[in-house]
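Q: Dropping the structure in here first, questions after.
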Amino acid sequence: MEDEKHEGREDPPAPVTPHGLARLAPAVDVVDPTILEQNIANWHQMRALLTTYILEHMQEGIDYYTLRVGGKVSKPSLSKAGSEKFLSLFNVHATFRKDDETWEMLGRPAGVICYICELYTKRGELVGEGRGAREVLKEKDINKAIKMAQKSAQIDAVLRTGALSDAFTQDLEEVQEPEEPLVRQQKHRIVALLKLLGVRAADKAGYEEVVQQSTGLALVPALYPDIIERLEARVTERLRTRAARGGKRTGVASAVEVRACETSVTRADADMDEVHA
């Protein structure tokens, strides 16, 4: 009798895999709910670790910076120094090659330099890449244009590989607004103080480098007051050292020269035009 009951009962139908997932199943592993759940848990753990690292080790004005655009503070922009920290964290190194594909897509424009940055593990495994481009005419120097294109490509590669676009953007220095009188005055002051310290630069990249070396800060408008404060402290310190040595020159201008330089800051116009807003 029991056998007869089983003979009249049909087994329940097997679950049907949605058509879309069925097509994807051979290509991806996350279709399995268990694997998907583990991947999500790993992703949340990785994001938590990266967030902690950013909060504890990334310094504003050095590793990233913000600008005021349209009266609002921008999303943090990752700097070259910041991207290098992430390269070290991810234990990868960057290599560069010309991006002929992008250049072809742009119509082979003269004076445009395109690069691809590829990120490799120590075992030589390619784990990510990014792209960057610059106009030689805009940068006014081909070597500088190459460096800037490579910098953009590296930052792009780091943001893509680390999935960091929710925390950072890049190249905000290209976003410019009409310059306010106060910002221009601050620029003049920075150049004047650098000259008093015996430091000069030929272009924007040069000023960024010397300001970074002299103050430890990135040359962005939000940090101009801090840059000026640190440069003034260095000038004052050197003047005091010179006075203690009986007026012997130490590579820094005298107090009279300081006042003379401050009253003729307009002479620095050509230099200041190279410093971004």
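Chains: A, B, ... in order of the structure tokens. Residues: from 1 per chain. Ligands: from 1, in order shown.
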Could you name the residues that touch Gly130 in chain A at 12 Å or less, counting only C-alpha atoms, but leaving out those on the same chain fewer than 6 positions away, as an MDAnalysis selection string?
A: chainID A and resid 94:99 102 114:119 149:162 170
Q: Go ahead and dump the residues you just picked, C-alpha atoms, as a compact mmCIF listing (two decimals), in the first residue's frame.
A:
```txt
# COMPACT_ATOMS: atom_id res chain seq x y z
CA ALA A 94 54.06 51.25 -11.55
CA THR A 95 55.40 51.11 -15.08
CA PHE A 96 54.52 53.47 -17.94
CA ARG A 97 54.10 53.14 -21.68
CA LYS A 98 52.74 55.39 -24.40
CA ASP A 99 48.99 55.16 -24.93
CA THR A 102 43.87 56.82 -26.86
CA CYS A 114 49.07 60.02 -23.61
CA TYR A 115 50.36 57.39 -21.18
CA ILE A 116 49.18 54.16 -19.61
CA CYS A 117 50.28 53.28 -16.09
CA GLU A 118 50.33 49.54 -15.37
CA LEU A 119 50.52 48.15 -11.84
CA ALA A 149 50.55 62.70 -17.97
CA GLN A 150 52.32 59.91 -16.08
CA LYS A 151 51.16 61.34 -12.75
CA SER A 152 47.53 61.38 -13.91
CA ALA A 153 47.84 57.84 -15.25
CA GLN A 154 49.31 56.60 -11.96
CA ILE A 155 46.61 58.23 -9.85
CA ASP A 156 43.94 56.83 -12.19
CA ALA A 157 45.47 53.34 -11.90
CA VAL A 158 45.53 53.51 -8.10
CA LEU A 159 41.93 54.75 -7.87
CA ARG A 160 40.72 52.01 -10.21
CA THR A 161 42.73 49.16 -8.73
CA GLY A 162 41.92 50.03 -5.13
CA GLN A 170 41.98 63.37 -9.24
```
Q: Please return, as JSON, numbers by chain, all residues of range 74-233 of chain A that DSSP assigns to strand (DSSP E or B) on the basis of the backbone.
A: {"A": [77, 78, 93, 94, 95, 96, 97, 98, 112, 113, 114, 115, 116, 117, 118, 119, 120, 126, 127, 128, 129, 130, 131, 132, 133, 134, 135, 169]}
Q: The selected residues should be written to file as an mmCIF file, in the first residue's frame (atoms: C-alpha atoms).
A:
```cif
data_model
loop_
_atom_site.group_PDB
_atom_site.id
_atom_site.type_symbol
_atom_site.label_atom_id
_atom_site.label_comp_id
_atom_site.auth_asym_id
_atom_site.auth_seq_id
_atom_site.Cartn_x
_atom_site.Cartn_y
_atom_site.Cartn_z
ATOM 1 C CA SER A 77 41.774 64.878 -4.776
ATOM 2 C CA LEU A 78 44.493 62.234 -4.495
ATOM 3 C CA HIS A 93 54.950 49.002 -8.627
ATOM 4 C CA ALA A 94 54.062 51.249 -11.546
ATOM 5 C CA THR A 95 55.403 51.113 -15.084
ATOM 6 C CA PHE A 96 54.522 53.471 -17.936
ATOM 7 C CA ARG A 97 54.101 53.144 -21.679
ATOM 8 C CA LYS A 98 52.741 55.390 -24.405
ATOM 9 C CA VAL A 112 49.104 65.759 -26.898
ATOM 10 C CA ILE A 113 50.927 63.137 -24.820
ATOM 11 C CA CYS A 114 49.066 60.024 -23.612
ATOM 12 C CA TYR A 115 50.360 57.395 -21.179
ATOM 13 C CA ILE A 116 49.175 54.161 -19.612
ATOM 14 C CA CYS A 117 50.282 53.277 -16.093
ATOM 15 C CA GLU A 118 50.328 49.542 -15.374
ATOM 16 C CA LEU A 119 50.516 48.153 -11.838
ATOM 17 C CA TYR A 120 52.421 44.910 -11.281
ATOM 18 C CA LEU A 126 49.370 42.821 -13.955
ATOM 19 C CA VAL A 127 46.661 43.862 -11.488
ATOM 20 C CA GLY A 128 45.481 47.230 -12.775
ATOM 21 C CA GLU A 129 46.046 50.162 -15.104
ATOM 22 C CA GLY A 130 45.127 53.793 -15.596
ATOM 23 C CA ARG A 131 45.397 56.439 -18.303
ATOM 24 C CA GLY A 132 46.508 60.054 -18.399
ATOM 25 C CA ALA A 133 47.094 62.763 -21.004
ATOM 26 C CA ARG A 134 48.491 66.293 -21.194
ATOM 27 C CA GLU A 135 48.884 69.042 -23.766
ATOM 28 C CA THR A 169 39.002 62.097 -7.237
#
```
Q: Nearest to Ala145 in chain A among A:Arg189, A:Arg108, A:Lys122, A:Lys204, with distances taken over only C-alpha atoms: which residue is it?
A: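 Using only C-alpha atoms, Ala145 in chain A sits closest to A:Lys204.
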Q: Write out as a VMD selection string the residues lying within 12 Å of range 49-66 of chain A, counting only C-alpha atoms and excluding same-chain residues fewer than 2 positions away.
A: chain A and resid 42 to 47 68 to 69 72 to 86 89 to 90 155 162 to 164 166 to 173 175 208 to 209 211 to 213 215 to 224 226 to 227
Q: Just give me the gap between CA of Pro225 in chain A and CA of Leu193 in chain A in Å, one decimal is fine.
A: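 The value is 12.6 Å.
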Q: Please determine, counting only C-alpha atoms, which residue among A:Leu194, A:Ala110, A:Gly206, A:Asn91 has the shortest atom-to-atom distance to Arg234 in chain A.
A: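 Smallest distance to Arg234 in chain A is found for A:Leu194.
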